[in-house]
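The file target12.txt comes next; it holds compact mmCIF, C-alpha atoms.
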```txt
# COMPACT_ATOMS: atom_id res chain seq x y z
CA MET A 1 0.00 0.00 0.00
CA ALA A 2 2.84 2.41 0.72
CA PHE A 3 4.11 2.03 -2.85
CA TYR A 4 0.69 3.03 -4.16
CA SER A 5 0.71 6.22 -2.09
CA ASP A 6 4.30 7.04 -3.10
CA THR A 7 3.37 6.51 -6.73
CA ARG A 8 0.42 8.88 -6.42
CA VAL A 9 2.61 11.57 -4.88
CA THR A 10 5.24 11.17 -7.61
CA ILE A 11 2.62 11.36 -10.35
CA SER A 12 1.08 14.49 -8.83
CA ILE A 13 4.48 16.20 -8.67
CA LEU A 14 5.33 15.30 -12.26
CA LEU A 15 1.90 16.44 -13.43
CA SER A 16 2.35 19.74 -11.60
CA ILE A 17 5.68 20.31 -13.33
CA ALA A 18 4.16 19.47 -16.72
CA VAL A 19 1.22 21.82 -16.11
CA PHE A 20 3.62 24.60 -15.11
CA ILE A 21 5.77 24.17 -18.23
CA VAL A 22 2.82 24.06 -20.63
CA VAL A 23 0.84 26.91 -19.09
CA THR A 24 3.94 29.09 -18.66
CA GLY A 25 4.85 28.55 -22.31
CA VAL A 26 1.39 29.54 -23.49
CA PHE A 27 0.22 32.21 -21.03
CA GLY A 28 3.28 33.34 -19.05
CA PHE A 29 4.85 32.83 -15.64
CA GLY A 30 2.00 34.20 -13.49
CA ALA A 31 -0.56 31.96 -15.15
CA GLY A 32 1.80 28.99 -14.76
CA VAL A 33 2.12 29.55 -11.03
CA PHE A 34 -1.66 29.96 -10.71
CA ALA A 35 -2.23 26.73 -12.67
CA VAL A 36 0.13 24.84 -10.35
CA PHE A 37 -1.79 26.12 -7.32
CA LEU A 38 -5.03 24.92 -8.90
CA THR A 39 -3.43 21.56 -9.73
CA HIS A 40 -2.34 21.16 -6.12
CA ALA A 41 -5.77 22.15 -4.87
CA VAL A 42 -7.21 19.23 -6.83
CA LEU A 43 -4.44 16.59 -6.64
CA ILE A 44 -2.88 16.96 -3.22
CA PRO A 45 -6.09 16.53 -1.17
CA LYS A 46 -6.90 13.36 -3.13
CA VAL A 47 -3.38 12.02 -2.59
CA LEU A 48 -3.49 12.78 1.13
CA TRP A 49 -6.98 11.32 1.44
CA ASN A 50 -5.88 8.06 -0.21
CA PHE A 51 -2.82 7.97 2.06
CA VAL A 52 -5.07 8.28 5.12
CA LEU A 53 -7.40 5.57 3.79
CA ASP A 54 -4.45 3.24 3.13
CA ARG A 55 -3.13 3.72 6.66
CA THR A 56 -6.58 3.20 8.15
CA ARG A 57 -7.00 -0.09 6.26
CA GLU A 58 -3.57 -1.28 7.42
CA LEU A 59 -4.36 -0.35 11.02
CA GLY A 60 -7.70 -2.17 10.81
CA LYS A 61 -6.01 -5.30 9.46
CA ALA A 62 -3.39 -5.16 12.21
CA PHE A 63 -6.13 -4.81 14.82
CA ARG A 64 -7.96 -7.86 13.47
CA GLY A 65 -4.72 -9.84 13.09
CA GLU A 66 -5.06 -10.29 9.33
CA ASP A 67 -2.17 -10.39 6.85
```
Translate the structure described by the file into C-alpha cells.
Amino acid sequence: MAFYSDTRVTISILLSIAVFIVVTGVFGFGAGVFAVFLTHAVLIPKVLWNFVLDRTRELGKAFRGED
C-alpha cells in the first residue's frame, strides 16, 4: 500500500511540473504559477486522502490480526 501512495505523490508532482511548463509557455509565468496552485488544490487533497485511507486499512487489518 505504501508504494501506491508514493506513486500517487510522484505522479502528482510530475503532473504539476508538466502543467507549469505548458501553461507558462502559453500564457506566461504568473498563469503557470496559478495553474500549479489549482493543480495542487485538486491533486494533493486526493493524494493525502488516499494515504489516510491506506493507513486506516492497514491499522484495521493489524487490529484484526489479518495479513
Step by step, gather every atom of range 49-62 of chain A that the file lists, find the box along x, y and z that holds them, add 4 Å on each side, and finally give centre and edge lengths in Å to one decimal, as AutoDock Vina command-line options.
```
--center_x -5.3 --center_y 3.0 --center_z 6.0 --size_x 12.9 --size_y 24.6 --size_z 20.4
```
As a ChimeraX atom specification, please: the residues near range 17-22 of chain A (cut-off 8 Å, all atoms listed in the file, same-chain neighbours under 4 positions excluded). /A:13,26,32-33,35-36,39
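Put simply, CA of Ala41 in chain A is 15.0 Å away from CA of Leu14 in chain A.
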Point-to-point distance from CA of Phe63 in chain A to CA of Thr7 in chain A, Å rounded to tenths: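 Interatomic distance here is 26.1 Å.
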Correct to one decimal, the distance CA of Pro45 in chain A-CA of Leu59 in chain A is 20.9 Å
